[in-house]
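*Asks:* Dropping a structure here in structure tokens format, bear with me for questions.
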Amino acid sequence: MTSMTPTKTTSTQQTAEHIYATGLRNQWHPVVPSHFVAPGGMRRVTALGETWLLFRRADGTLHMLADRC
């Protein structure tokens with residue numbers, strides 16, 4: 001006797017919710033190549049369903065903040 005189980009498909013939204021629920025939000029993830037953020041400039045990106053600002057400090061280091069504006 002075999003049981004038939006339906007094929008389960010996941011949407012992008014379900015996948016994002018799973019990532020959030022499993023704690024992957026507090027990990028480092030590649031977002032864009034570093035050369036996409038010019039010295040003195042900012043770049044807005046969306047990752048894990050949220051908007052972020054990427055920018056370089058005066059010493060050239062990259063930083064990322066949640067876009068709350």
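Following the order of the structure tokens, chains are lettered A, B, ..., residues in each are numbered from 1, and ligands are numbered from 1.
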So which residues touch Pro39 in chain A within 12 Å, counting only C-alpha atoms, skipping near sequence neighbours fewer than 4 positions away, as a PyMOL selection string?

*Replies:* chain A and resi 34-35+43+54-63

*Asks:* Set the distance at 10 Å and use only C-alpha atoms: which residues neighbour Val45 in chain A once local chain neighbours fewer than 6 positions away are removed? I'd like the list as a ChimeraX atom specification.

*Replies:* /A:31-32,51-54,64,66-67

*Asks:* Residues of the last selection are to be written out with C-alpha atoms, as an mmCIF file, in the first residue's frame.

*Replies:*
data_model
loop_
_atom_site.group_PDB
_atom_site.id
_atom_site.type_symbol
_atom_site.label_atom_id
_atom_site.label_comp_id
_atom_site.auth_asym_id
_atom_site.auth_seq_id
_atom_site.Cartn_x
_atom_site.Cartn_y
_atom_site.Cartn_z
ATOM 1 C CA VAL A 31 23.821 41.857 -1.592
ATOM 2 C CA VAL A 32 25.740 43.632 -4.357
ATOM 3 C CA THR A 51 14.914 48.194 2.163
ATOM 4 C CA TRP A 52 18.528 48.896 3.113
ATOM 5 C CA LEU A 53 21.008 51.695 2.455
ATOM 6 C CA LEU A 54 24.569 50.782 1.535
ATOM 7 C CA MET A 64 24.545 48.910 5.667
ATOM 8 C CA ALA A 66 17.869 49.721 7.463
ATOM 9 C CA ASP A 67 16.146 52.437 5.396
#

*Asks:* How far is it from CA of Arg68 in chain A to CA of Pro33 in chain A, in Å with one decimal?

*Replies:*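 Computing it gives 23.0 Å between the two atoms.
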